[in-house]
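S.K.: Next up, coords-v9.cif (mmCIF, C-alpha atoms).
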```
data_protein
#
loop_
_atom_site.label_atom_id
_atom_site.label_comp_id
_atom_site.auth_asym_id
_atom_site.auth_seq_id
_atom_site.Cartn_x
_atom_site.Cartn_y
_atom_site.Cartn_z
CA MET I 646 119.09 108.60 68.03
CA GLU I 647 122.40 108.68 66.18
CA ILE I 648 124.56 110.68 68.64
CA LEU I 649 123.53 108.27 71.38
CA LYS I 650 124.36 105.19 69.29
CA GLU I 651 127.72 106.70 68.35
CA ARG I 652 128.45 107.26 72.03
CA ILE I 653 127.49 103.69 72.92
CA ARG I 654 129.69 102.34 70.10
CA LYS I 655 132.59 104.51 71.23
CA GLU I 656 132.40 104.19 75.02
CA GLY I 657 130.19 101.19 75.75
CA LYS I 658 131.99 98.20 77.24
CA ILE I 659 130.55 94.74 76.80
CA LYS I 660 131.00 92.49 79.82
CA ALA I 661 130.13 88.90 80.59
CA GLY I 662 126.47 88.19 81.34
CA ASN I 663 125.08 90.57 78.70
CA VAL I 664 126.23 93.61 80.66
CA LEU I 665 126.68 96.80 78.64
CA LYS I 666 128.67 99.32 80.70
CA VAL I 667 127.98 102.92 79.76
CA ASP I 668 129.03 104.47 83.03
CA SER I 669 131.29 107.06 81.40
CA PHE I 670 128.26 109.07 80.21
CA LEU I 671 124.96 107.55 81.38
CA ASN I 672 124.78 106.03 84.83
CA HIS I 673 127.82 106.87 86.95
CA GLN I 674 129.48 109.80 85.24
CA MET I 675 126.69 111.67 83.47
CA ASP I 676 127.06 113.82 80.34
CA ILE I 677 124.47 116.52 80.91
CA GLU I 678 124.68 117.98 77.38
CA LEU I 679 123.81 114.51 76.06
CA PHE I 680 120.99 114.23 78.64
CA SER I 681 119.58 117.50 77.30
CA GLU I 682 119.54 116.07 73.75
CA ILE I 683 117.92 112.88 75.10
CA GLY I 684 115.24 115.00 76.78
CA LYS I 685 114.51 116.86 73.55
CA GLU I 686 114.24 113.56 71.66
CA PHE I 687 111.77 112.16 74.22
CA LYS I 688 109.75 115.37 73.85
CA ARG I 689 109.81 115.06 70.04
CA ARG I 690 108.61 111.45 70.22
CA PHE I 691 105.87 112.19 72.76
CA ALA I 692 104.94 115.57 71.25
CA ASP I 693 101.38 114.37 70.61
CA ALA I 694 100.84 113.23 74.21
CA GLU I 695 99.48 115.11 77.19
CA ILE I 696 101.91 114.53 80.08
CA ASN I 697 101.84 116.14 83.52
CA LYS I 698 104.29 113.94 85.44
CA ILE I 699 107.44 111.97 84.80
CA LEU I 700 107.98 108.86 86.92
CA THR I 701 111.35 107.16 87.23
CA ILE I 702 113.23 104.92 89.65
CA GLU I 703 116.34 105.53 91.69
CA ALA I 704 119.17 105.89 91.06
CA SER I 705 120.23 106.07 87.42
CA GLY I 706 116.84 107.14 86.06
CA ILE I 707 116.81 110.34 88.10
CA GLY I 708 119.38 112.44 86.26
CA ILE I 709 117.99 111.71 82.80
CA SER I 710 114.43 112.34 84.00
CA CYS I 711 115.25 115.67 85.66
CA VAL I 712 117.02 117.02 82.59
CA ALA I 713 114.31 115.63 80.26
CA ALA I 714 111.63 117.25 82.45
CA GLN I 715 112.94 120.62 81.32
CA SER I 716 111.61 119.80 77.84
CA PHE I 717 108.22 118.78 79.27
CA HIS I 718 107.87 121.40 82.04
CA VAL I 719 106.51 118.86 84.51
CA PRO I 720 107.69 117.57 87.90
CA VAL I 721 109.56 114.29 88.29
CA ILE I 722 108.80 111.63 90.90
CA PHE I 723 111.30 108.89 91.59
CA ALA I 724 110.18 105.57 93.01
CA LYS I 725 112.31 104.63 96.01
CA LYS I 726 113.77 101.22 96.60
CA THR I 727 112.85 99.87 100.08
CA GLN I 728 111.04 101.86 102.75
CA THR I 729 112.91 104.60 104.59
CA ARG I 730 112.09 106.47 107.77
CA ASN I 731 111.39 109.64 105.79
CA ILE I 732 108.55 108.21 103.72
CA ALA I 733 105.18 108.10 105.40
CA GLY I 734 103.21 104.84 105.39
CA ASP I 735 100.81 106.08 102.79
CA VAL I 736 102.52 104.69 99.71
CA TYR I 737 101.88 102.66 96.58
CA THR I 738 104.19 99.71 96.53
CA THR I 739 105.16 96.74 94.41
CA LYS I 740 108.00 94.22 94.21
CA VAL I 741 110.71 94.24 91.56
CA GLN I 742 113.27 91.56 90.80
CA SER I 743 116.65 93.09 89.99
CA TYR I 744 118.69 91.49 87.23
CA THR I 745 121.78 93.54 88.11
CA HIS I 746 121.68 92.90 91.84
CA GLY I 747 120.07 89.47 91.80
CA ARG I 748 117.50 90.19 94.49
CA ILE I 749 113.91 91.27 95.02
CA TYR I 750 113.18 94.72 96.42
CA ASP I 751 110.16 96.91 97.11
CA ILE I 752 109.61 100.13 95.22
CA ILE I 753 107.36 102.83 96.63
CA VAL I 754 105.79 106.14 95.67
CA ALA I 755 103.96 108.34 98.16
CA LYS I 756 100.24 108.40 97.38
CA GLU I 757 100.08 112.17 97.64
CA PHE I 758 102.20 112.60 94.49
CA LEU I 759 100.43 110.28 92.06
CA GLY I 760 96.74 109.74 91.48
CA LYS I 761 93.67 109.76 89.28
CA GLY I 762 93.94 112.31 86.48
CA ASP I 763 97.74 112.16 86.25
CA LYS I 764 99.13 111.46 82.79
CA VAL I 765 102.43 109.78 83.40
CA LEU I 766 105.52 109.30 81.25
CA VAL I 767 107.89 106.71 82.70
CA ILE I 768 111.59 107.30 81.97
CA ASP I 769 114.51 104.97 82.67
CA ASP I 770 118.07 104.47 81.50
CA PHE I 771 117.82 100.76 80.59
CA LEU I 772 115.17 98.29 79.53
CA ALA I 773 116.26 94.65 79.50
CA ASN I 774 113.98 92.05 81.07
CA GLY I 775 111.46 94.80 81.83
CA LYS I 776 111.02 94.08 85.55
CA ALA I 777 111.73 97.65 86.73
CA LEU I 778 109.44 99.11 84.05
CA GLU I 779 106.69 96.59 84.94
CA GLY I 780 107.02 97.71 88.57
CA LEU I 781 106.68 101.38 87.65
CA ILE I 782 103.67 100.61 85.45
CA ALA I 783 102.11 98.70 88.36
CA LEU I 784 102.51 101.80 90.59
CA VAL I 785 100.84 103.99 87.93
CA GLU I 786 97.95 101.52 87.71
CA GLU I 787 97.65 101.24 91.49
CA ALA I 788 97.44 105.04 91.62
CA GLY I 789 94.61 105.08 89.06
CA ALA I 790 96.72 107.37 86.88
CA ASP I 791 97.04 107.10 83.09
CA LEU I 792 100.22 105.67 81.64
CA VAL I 793 101.20 107.61 78.52
CA GLY I 794 104.19 105.42 77.75
CA ALA I 795 107.83 104.84 78.54
CA GLY I 796 110.92 106.66 77.32
CA ILE I 797 114.00 104.45 77.50
CA VAL I 798 117.56 105.45 76.71
CA ILE I 799 118.99 102.00 75.92
CA GLU I 800 116.91 98.89 75.30
CA LYS I 801 118.50 95.48 75.08
CA GLY I 802 116.44 94.22 72.18
CA PHE I 803 117.76 90.69 72.60
CA GLN I 804 116.06 90.45 76.02
CA ALA I 805 112.33 90.02 76.18
CA GLY I 806 111.19 93.04 78.23
CA GLY I 807 110.57 95.63 75.53
CA ASP I 808 108.76 93.45 73.03
CA THR I 809 106.68 91.74 75.74
CA LEU I 810 105.47 95.10 77.06
CA ARG I 811 104.83 96.41 73.52
CA GLY I 812 102.76 93.25 72.99
CA LYS I 813 100.59 94.32 75.93
CA GLY I 814 99.94 97.65 74.20
CA ILE I 815 102.41 99.74 76.18
CA ARG I 816 103.96 102.55 74.13
CA ILE I 817 107.73 102.32 74.48
CA GLU I 818 110.12 104.74 72.82
CA SER I 819 113.70 103.49 73.11
CA LEU I 820 116.37 105.81 71.76
CA ALA I 821 118.84 103.00 71.06
CA ILE I 822 117.86 99.34 70.78
CA VAL I 823 120.84 97.00 70.99
CA GLU I 824 120.03 93.99 68.82
CA SER I 825 123.23 92.11 69.54
CA MET I 826 126.59 92.65 71.15
CA ASN I 827 129.72 90.58 71.00
CA GLU I 828 131.97 90.49 74.04
CA ALA I 829 134.91 89.11 72.04
CA THR I 830 134.92 91.67 69.20
CA GLY I 831 133.26 94.59 71.01
CA GLN I 832 130.79 94.83 68.09
CA ILE I 833 127.38 96.32 68.89
CA THR I 834 124.50 96.13 66.41
CA PHE I 835 121.43 98.31 66.82
CA ARG I 836 117.92 97.52 65.62
CA GLY I 837 117.46 99.27 62.27
CA ASP I 838 121.15 99.10 61.40
CA THR I 839 121.85 97.81 57.92
CA VAL I 840 125.01 95.95 56.98
CA ALA I 841 126.23 99.10 55.29
CA ASP I 842 125.26 101.34 58.24
CA GLY I 843 127.71 104.16 58.52
CA MET I 844 129.07 103.58 54.99
CA GLU I 845 128.06 105.17 51.74
CA ILE I 846 126.46 102.64 49.47
CA GLN I 847 127.98 102.50 45.98
CA ILE I 848 125.63 101.13 43.35
CA MET K 389 117.69 132.01 98.69
CA GLU K 390 114.26 133.42 99.35
CA ILE K 391 112.09 131.35 96.97
CA LEU K 392 113.58 128.21 98.48
CA LYS K 393 112.93 129.35 102.06
CA GLU K 394 109.36 130.26 101.12
CA ARG K 395 108.87 126.80 99.67
CA ILE K 396 110.27 125.14 102.81
CA ARG K 397 108.00 127.28 105.02
CA LYS K 398 104.97 126.44 102.89
CA GLU K 399 105.50 122.74 102.19
CA GLY K 400 108.08 121.51 104.70
CA LYS K 401 106.72 119.11 107.31
CA ILE K 402 108.48 118.79 110.65
CA LYS K 403 108.53 115.26 112.03
CA ALA K 404 109.83 113.68 115.22
CA GLY K 405 113.60 113.21 115.42
CA ASN K 406 114.50 116.50 113.71
CA VAL K 407 113.21 115.27 110.36
CA LEU K 408 112.25 117.97 107.86
CA LYS K 409 110.19 116.44 105.07
CA VAL K 410 110.43 118.32 101.79
CA ASP K 411 109.49 115.46 99.54
CA SER K 412 106.85 117.44 97.64
CA PHE K 413 109.52 119.40 95.78
CA LEU K 414 113.07 118.26 96.66
CA ASN K 415 113.68 114.56 97.21
CA HIS K 416 110.77 112.43 96.09
CA GLN K 417 108.65 114.63 93.86
CA MET K 418 111.07 117.12 92.31
CA ASP K 419 110.24 120.62 91.09
CA ILE K 420 112.56 121.02 88.12
CA GLU K 421 111.92 124.76 87.68
CA LEU K 422 113.05 125.25 91.28
CA PHE K 423 116.08 123.00 90.64
CA SER K 424 117.01 125.27 87.74
CA GLU K 425 116.91 128.32 90.04
CA ILE K 426 118.97 126.40 92.62
CA GLY K 427 121.53 125.61 89.93
CA LYS K 428 121.80 129.26 88.93
CA GLU K 429 122.25 130.27 92.56
CA PHE K 430 125.07 127.71 93.04
CA LYS K 431 126.70 129.10 89.87
CA ARG K 432 126.36 132.68 91.19
CA ARG K 433 127.95 131.70 94.52
CA PHE K 434 130.80 129.74 92.92
CA ALA K 435 131.24 132.15 89.98
CA ASP K 436 134.84 132.84 91.02
CA ALA K 437 135.79 129.15 91.11
CA GLU K 438 137.16 126.91 88.41
CA ILE K 439 135.07 123.72 88.42
CA ASN K 440 135.24 120.84 85.95
CA LYS K 441 133.20 118.19 87.76
CA ILE K 442 130.23 117.95 90.09
CA LEU K 443 130.20 115.07 92.56
CA THR K 444 127.05 113.98 94.38
CA ILE K 445 125.64 110.88 96.06
CA GLU K 446 122.66 108.77 95.19
CA ALA K 447 119.76 109.14 95.24
CA SER K 448 118.40 112.57 96.13
CA GLY K 449 121.54 114.51 95.17
CA ILE K 450 121.40 113.37 91.55
CA GLY K 451 118.48 115.40 90.22
CA ILE K 452 119.65 118.68 91.71
CA SER K 453 123.21 118.08 90.49
CA CYS K 454 122.18 117.24 86.94
CA VAL K 455 120.03 120.34 86.60
CA ALA K 456 122.67 122.52 88.33
CA ALA K 457 125.33 121.12 85.98
CA GLN K 458 123.59 122.92 83.13
CA SER K 459 124.70 126.18 84.73
CA PHE K 460 128.29 124.91 85.05
CA HIS K 461 128.60 122.95 81.77
CA VAL K 462 130.40 120.09 83.47
CA PRO K 463 129.65 116.37 83.91
CA VAL K 464 128.17 114.97 87.12
CA ILE K 465 129.41 111.86 88.93
CA PHE K 466 127.29 110.23 91.57
CA ALA K 467 128.85 108.15 94.30
CA LYS K 468 127.09 104.81 94.59
CA LYS K 469 126.04 103.22 97.84
CA THR K 470 127.37 99.63 98.14
CA GLN K 471 129.12 97.74 95.39
CA THR K 472 127.14 96.42 92.44
CA ARG K 473 128.01 93.96 89.70
CA ASN K 474 128.22 96.77 87.15
CA ILE K 475 131.06 98.67 88.85
CA ALA K 476 134.55 97.37 88.22
CA GLY K 477 136.86 96.76 91.18
CA ASP K 478 138.89 99.86 90.48
CA VAL K 479 137.09 102.28 92.76
CA TYR K 480 137.69 104.83 95.48
CA THR K 481 135.69 103.90 98.53
CA THR K 482 134.88 105.09 102.03
CA LYS K 483 132.32 104.33 104.73
CA VAL K 484 129.41 106.59 105.65
CA GLN K 485 127.09 106.38 108.62
CA SER K 486 123.52 107.17 107.64
CA TYR K 487 121.43 109.19 110.06
CA THR K 488 118.21 108.54 108.13
CA HIS K 489 118.67 104.80 107.75
CA GLY K 490 120.65 104.13 110.92
CA ARG K 491 123.34 102.02 109.29
CA ILE K 492 126.82 102.18 107.81
CA TYR K 493 127.29 101.79 104.07
CA ASP K 494 130.11 101.98 101.54
CA ILE K 495 130.18 104.68 98.91
CA ILE K 496 132.23 104.25 95.76
CA VAL K 497 133.37 106.19 92.71
CA ALA K 498 135.17 104.54 89.78
CA LYS K 499 138.78 105.71 89.63
CA GLU K 500 138.56 106.45 85.91
CA PHE K 501 136.16 109.35 86.51
CA LEU K 502 137.95 111.28 89.25
CA GLY K 503 141.63 112.11 89.59
CA LYS K 504 144.47 114.57 89.93
CA GLY K 505 143.73 117.87 88.22
CA ASP K 506 139.96 117.63 88.73
CA LYS K 507 138.35 120.62 90.44
CA VAL K 508 135.30 119.28 92.16
CA LEU K 509 132.13 120.89 93.43
CA VAL K 510 130.17 118.59 95.73
CA ILE K 511 126.39 119.04 95.66
CA ASP K 512 123.80 117.46 97.95
CA ASP K 513 120.23 118.08 99.03
CA PHE K 514 120.78 118.03 102.81
CA LEU K 515 123.60 118.72 105.25
CA ALA K 516 122.91 117.71 108.85
CA ASN K 517 125.56 115.77 110.76
CA GLY K 518 127.82 116.00 107.72
CA LYS K 519 128.64 112.30 107.40
CA ALA K 520 127.65 111.99 103.72
CA LEU K 521 129.56 115.17 102.85
CA GLU K 522 132.62 113.98 104.79
CA GLY K 523 132.47 110.75 102.79
CA LEU K 524 132.33 112.59 99.47
CA ILE K 525 135.23 114.82 100.53
CA ALA K 526 137.22 111.71 101.48
CA LEU K 527 136.67 110.32 97.94
CA VAL K 528 137.88 113.60 96.40
CA GLU K 529 141.00 113.49 98.60
CA GLU K 530 141.63 109.81 97.86
CA ALA K 531 141.45 110.69 94.13
CA GLY K 532 144.03 113.46 94.55
CA ALA K 533 141.52 115.93 93.09
CA ASP K 534 140.92 119.47 94.36
CA LEU K 535 137.79 120.16 96.40
CA VAL K 536 136.36 123.53 95.42
CA GLY K 537 133.58 123.42 97.96
CA ALA K 538 130.09 122.13 98.62
CA GLY K 539 126.74 123.43 97.44
CA ILE K 540 123.94 122.36 99.78
CA VAL K 541 120.24 123.00 99.30
CA ILE K 542 119.12 122.73 102.94
CA GLU K 543 121.46 122.75 105.93
CA LYS K 544 120.23 121.91 109.40
CA GLY K 545 122.18 124.61 111.22
CA PHE K 546 121.28 123.15 114.62
CA GLN K 547 123.24 120.01 113.79
CA ALA K 548 127.02 120.11 113.86
CA GLY K 549 127.99 119.04 110.33
CA GLY K 550 128.10 122.37 108.49
CA ASP K 551 129.93 124.41 111.10
CA THR K 552 132.39 121.59 111.86
CA LEU K 553 133.34 121.31 108.20
CA ARG K 554 133.56 125.11 107.80
CA GLY K 555 135.90 125.04 110.81
CA LYS K 556 138.17 122.73 108.82
CA GLY K 557 138.33 125.30 106.02
CA ILE K 558 135.81 123.67 103.69
CA ARG K 559 133.82 126.20 101.66
CA ILE K 560 130.13 125.40 102.11
CA GLU K 561 127.37 127.35 100.40
CA SER K 562 123.97 126.38 101.83
CA LEU K 563 120.97 127.98 100.16
CA ALA K 564 118.77 127.69 103.25
CA ILE K 565 120.09 127.11 106.76
CA VAL K 566 117.40 125.99 109.20
CA GLU K 567 118.36 127.39 112.59
CA SER K 568 115.45 125.88 114.47
CA MET K 569 112.19 124.11 113.81
CA ASN K 570 109.29 123.39 116.08
CA GLU K 571 107.33 120.21 115.56
CA ALA K 572 104.40 121.47 117.67
CA THR K 573 103.88 124.84 115.97
CA GLY K 574 105.37 124.03 112.56
CA GLN K 575 107.54 127.16 112.89
CA ILE K 576 110.83 127.14 110.94
CA THR K 577 113.51 129.78 111.56
CA PHE K 578 116.35 130.28 109.08
CA ARG K 579 119.83 131.59 109.88
CA GLY K 580 119.83 135.31 109.07
CA ASP K 581 116.13 135.72 109.76
CA THR K 582 115.29 138.68 111.99
CA VAL K 583 112.24 138.81 114.26
CA ALA K 584 110.61 141.12 111.75
CA ASP K 585 111.59 138.97 108.78
CA GLY K 586 108.97 139.28 106.12
CA MET K 587 107.45 142.40 107.73
CA GLU K 588 108.17 146.03 107.04
CA ILE K 589 109.80 147.63 110.05
CA GLN K 590 108.06 150.77 111.30
CA ILE K 591 110.34 153.13 113.21
#
```
Would it be possible to restate this file's structure as structure tokens?
M.R.:
Amino acid sequence: MEILKERIRKEGKIKAGNVLKVDSFLNHQMDIELFSEIGKEFKRRFADAEINKILTIEASGIGISCVAAQSFHVPVIFAKKTQTRNIAGDVYTTKVQSYTHGRIYDIIVAKEFLGKGDKVLVIDDFLANGKALEGLIALVEEAGADLVGAGIVIEKGFQAGGDTLRGKGIRIESLAIVESMNEATGQITFRGDTVADGMEIQI
Amino acid sequence: MEILKERIRKEGKIKAGNVLKVDSFLNHQMDIELFSEIGKEFKRRFADAEINKILTIEASGIGISCVAAQSFHVPVIFAKKTQTRNIAGDVYTTKVQSYTHGRIYDIIVAKEFLGKGDKVLVIDDFLANGKALEGLIALVEEAGADLVGAGIVIEKGFQAGGDTLRGKGIRIESLAIVESMNEATGQITFRGDTVADGMEIQI
């Protein structure tokens, strides 16, 4: 998705530890016009699929999912991290190891909102080592629902998550796959880029 | 906002400790068509105001804010709870006491996204004791930005937060104000309801 890649090139900041900061438009400040285009692109890619629910995880998946849901006309459920007083005991739950926060947490979805017959699209902002996505897929499986696939805004193609899950037959549509990034130069290369990407080729 | 009140009457569950569960459409499973109507209603109520940013707090404020932002054509910023590796040190921060979770946490917003000249609408799903809203207002003040007001989906009118903040001159637009709720009968009364609410009055 070219406008997304342009935005990442322009505003993305590469930090130590393979961190790509895109908090000016994706996961702290949120550009809603861009989210709307992202939603339309997810819809275009999953146009062939029957989907009746979008599942995401708090916090940064929620905004993208809610705007994208307007292209799908389905409700969104967000998996919560750790149990709160307001969630009844009747939940699906699994454990997720966080790369960003360096700890293990529980994610939960109330059983009443996910079950047999549901056709679920999982949406998230990032896919890196795939632990959050694996957790969401585990909840879908525990619920006996059908997983249609996953729509990801930015995949770190140099981490194993995406390709490992594709290898298990999971359909993953990532709108921008970062193949490499260089902290020193600020250079970001996307999967599918050619050397001459962005230039006219003179033969 | 009548369609919202109807939804709360129909699906809201009253639990011990003044808890009103609306997680079938507001803050776990999310009804995006309803969110769109909520966004339009916020826009109608703040039609006179100049607004260039919406500020909310994770997690349940994000979805409503992102959909509402489509009526305002402005970006959304969500305040994060506790510091993470991905946020730089340059943040506004304040402490908030959580009623739901029974603990105190830090909320932060990166300084680069909020500052002098910004005209900020705060949006959240619930207003009860007002601690989260007070925290968001403190961040706006710390940033030197202008607070336009707050758009709240459900206010618990029997708790002090809303009226205390109105008393300080804060403009608060709550789309449904619960005046009382009865755990035993399931009865919910909204501010502005009359005894004959929903019935034709025969004179």
S.K.: Given the choices K:Ala447, K:Met389, K:Ala435, K:Met569, which gets closest to chain I if the distance is worked out from only C-alpha atoms?
M.R.: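 Of the candidates, the smallest distance to chain I is held by K:Ala447.
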S.K.: Counting all atoms listed in the file, which of K:Ala498, K:Ile439, K:Leu563, K:Met418 gets nearest to Gly537 in chain K?
M.R.: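 Of all the options, K:Ile439 lies closest to Gly537 in chain K.
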S.K.: Kindly assemble as CSV a list of the chain K residues that lie within 9 Å of chain I, each paired with its nearest atom pair and their distance in Å to one decimal, using only C-alpha atoms, sorted first by chain and then by ascending residue number.
M.R.:
```
residue,atom,partner,partner_atom,distance
K:Lys403,CA,I:Asn731,CA,8.9
K:Val407,CA,I:Asn731,CA,7.5
K:Leu408,CA,I:Asn731,CA,8.6
K:Lys409,CA,I:Asn731,CA,6.9
K:Asp411,CA,I:Ile732,CA,8.4
K:Ser412,CA,I:Phe758,CA,7.4
K:Phe413,CA,I:Pro720,CA,8.3
K:Asn415,CA,I:Phe723,CA,8.3
K:His416,CA,I:Ile722,CA,5.6
K:Gln417,CA,I:Ile722,CA,4.2
K:Met418,CA,I:Val721,CA,5.1
K:Asp419,CA,I:Pro720,CA,5.1
K:Ile420,CA,I:Pro720,CA,6.0
K:Glu421,CA,I:Gln715,CA,7.7
K:Phe423,CA,I:Cys711,CA,8.9
K:Ser424,CA,I:Gln715,CA,8.9
K:Glu446,CA,I:Ala704,CA,6.1
K:Ala447,CA,I:Ala704,CA,5.3
K:Ser448,CA,I:Ala704,CA,8.4
K:Ile450,CA,I:Gly708,CA,5.7
K:Gly451,CA,I:Gly708,CA,5.0
K:Ile452,CA,I:Cys711,CA,8.1
K:Ser453,CA,I:Gly708,CA,8.0
K:Cys454,CA,I:Gly708,CA,5.6
K:Val455,CA,I:Val712,CA,6.0
K:Ala457,CA,I:Ile677,CA,6.9
K:Gln458,CA,I:Ile677,CA,6.8
K:His461,CA,I:Ile677,CA,7.7
K:Val462,CA,I:Ile677,CA,7.4
K:Pro463,CA,I:Asp676,CA,5.1
K:Val464,CA,I:Met675,CA,5.1
K:Ile465,CA,I:Gln674,CA,4.2
K:Phe466,CA,I:His673,CA,5.7
K:Ala467,CA,I:His673,CA,7.5
K:Lys468,CA,I:His673,CA,7.9
K:Thr472,CA,I:His746,CA,6.5
K:Arg473,CA,I:Thr745,CA,6.4
K:Asn474,CA,I:Lys666,CA,7.0
K:Ile475,CA,I:Asp668,CA,8.5
K:Thr488,CA,I:Arg730,CA,6.5
K:His489,CA,I:Thr729,CA,6.6
K:Val497,CA,I:His673,CA,8.0
K:Ala498,CA,I:His673,CA,8.2
K:Glu500,CA,I:Ser669,CA,8.6
K:Phe501,CA,I:Gln674,CA,6.8
```
S.K.: Quick one: apply the PyMOL selection byres ((chain I and resi 834) around 8) to the file and drop the selected residues here as a ChimeraX atom specification.
M.R.: /I:823-826,832-833,835-836,838
S.K.: Report, in Å to a single decimal, how far apart CA of Glu786 in chain I and CA of Lys756 in chain I are.
M.R.: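 Computing it gives 12.1 Å between the two atoms.
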S.K.: In terms of the shortest atom-to-atom distance over all atoms listed in the file, which of K:Gly545, K:Gly400, K:Gly477, K:Gly532 is closest to Lys504 in chain K?
M.R.: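 Once distances to Lys504 in chain K are computed over all atoms listed in the file, the minimum belongs to K:Gly532.
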S.K.: Could you jot down the CA of Ile749 in chain I to CA of Ala783 in chain I separation for me, Å, one decimal place?
M.R.: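 CA of Ile749 in chain I sits 15.5 Å away from CA of Ala783 in chain I.
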S.K.: For the atom pair CA of Ile822 in chain I and CA of Ser716 in chain I, what is the interatomic distance in Å to one decimal place?
M.R.: 22.5 Å
S.K.: Any idea what's packed within 12 Å of Phe691 in chain I, counting only C-alpha atoms, ignoring anything in its chain fewer than 6 positions away? Could you give it as an mmCIF file with C-alpha atoms, in the coordinates of the input?
M.R.:
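part21.cif was written with the following content:
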```
data_model
loop_
_atom_site.group_PDB
_atom_site.id
_atom_site.type_symbol
_atom_site.label_atom_id
_atom_site.label_comp_id
_atom_site.auth_asym_id
_atom_site.auth_seq_id
_atom_site.Cartn_x
_atom_site.Cartn_y
_atom_site.Cartn_z
ATOM 1 C CA GLY I 684 115.240 115.000 76.780
ATOM 2 C CA LYS I 685 114.510 116.860 73.550
ATOM 3 C CA ALA I 713 114.310 115.630 80.260
ATOM 4 C CA SER I 716 111.610 119.800 77.840
ATOM 5 C CA PHE I 717 108.220 118.780 79.270
ATOM 6 C CA VAL I 765 102.430 109.780 83.400
ATOM 7 C CA LEU I 766 105.520 109.300 81.250
ATOM 8 C CA VAL I 767 107.890 106.710 82.700
ATOM 9 C CA ILE I 768 111.590 107.300 81.970
ATOM 10 C CA VAL I 793 101.200 107.610 78.520
ATOM 11 C CA GLY I 794 104.190 105.420 77.750
ATOM 12 C CA ALA I 795 107.830 104.840 78.540
ATOM 13 C CA GLY I 796 110.920 106.660 77.320
ATOM 14 C CA ARG I 816 103.960 102.550 74.130
ATOM 15 C CA ILE I 817 107.730 102.320 74.480
ATOM 16 C CA GLU I 818 110.120 104.740 72.820
ATOM 17 C CA SER I 819 113.700 103.490 73.110
#
```
S.K.: Check the smallest atom-to-atom distance from each of K:Ile542, K:Ile426, K:Val484, K:Ala548 to Gly523 in chain K using only C-alpha atoms, then report the winner.
M.R.: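 Selected residue with least distance to Gly523 in chain K: K:Val484.
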S.K.: Please give the centre and size of the box around range 522-533 of chain K (axis-aligned, containing every atom listed in the file, 5 Å added per side), with values in Å to one decimal and written as JSON.
M.R.:
```
{"center_x": 138.2, "center_y": 112.9, "center_z": 98.9, "size_x": 21.7, "size_y": 16.1, "size_z": 21.7}
```
S.K.: The PyMOL selection byres ((chain I and resi 750) around 9) - which residues does that actually catch in the file I just gave you? List them as a VMD selection string.
M.R.: chain I and resid 726 to 727 739 to 743 748 to 749 751 to 752
S.K.: Considering all atoms listed in the file, state which residue in the set K:Asn440, K:Arg432, K:Lys401, K:Arg554 is at the smallest distance from Ala533 in chain K.
M.R.: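 Looking at the shortest contact to Ala533 in chain K, the residue is K:Asn440.
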S.K.: List, as a short mmCIF file (atom, residue, chain, number, x, y, z; two decimals) with C-alpha atoms, in the frame of the given file, every residue that the PyMOL selection byres ((chain I and resi 778) around 10) selects in the file provided.
M.R.:
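As written to disk, selection.cif reads:
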```cif
data_model
loop_
_atom_site.label_atom_id
_atom_site.label_comp_id
_atom_site.auth_asym_id
_atom_site.auth_seq_id
_atom_site.Cartn_x
_atom_site.Cartn_y
_atom_site.Cartn_z
CA THR I 701 111.35 107.16 87.23
CA ILE I 702 113.23 104.92 89.65
CA VAL I 741 110.71 94.24 91.56
CA VAL I 767 107.89 106.71 82.70
CA ILE I 768 111.59 107.30 81.97
CA ASP I 769 114.51 104.97 82.67
CA PHE I 771 117.82 100.76 80.59
CA LEU I 772 115.17 98.29 79.53
CA ALA I 773 116.26 94.65 79.50
CA ASN I 774 113.98 92.05 81.07
CA GLY I 775 111.46 94.80 81.83
CA LYS I 776 111.02 94.08 85.55
CA ALA I 777 111.73 97.65 86.73
CA GLU I 779 106.69 96.59 84.94
CA GLY I 780 107.02 97.71 88.57
CA LEU I 781 106.68 101.38 87.65
CA ILE I 782 103.67 100.61 85.45
CA ALA I 783 102.11 98.70 88.36
CA LEU I 784 102.51 101.80 90.59
CA ALA I 795 107.83 104.84 78.54
CA ILE I 797 114.00 104.45 77.50
CA GLY I 806 111.19 93.04 78.23
CA GLY I 807 110.57 95.63 75.53
CA LEU I 810 105.47 95.10 77.06
#
```
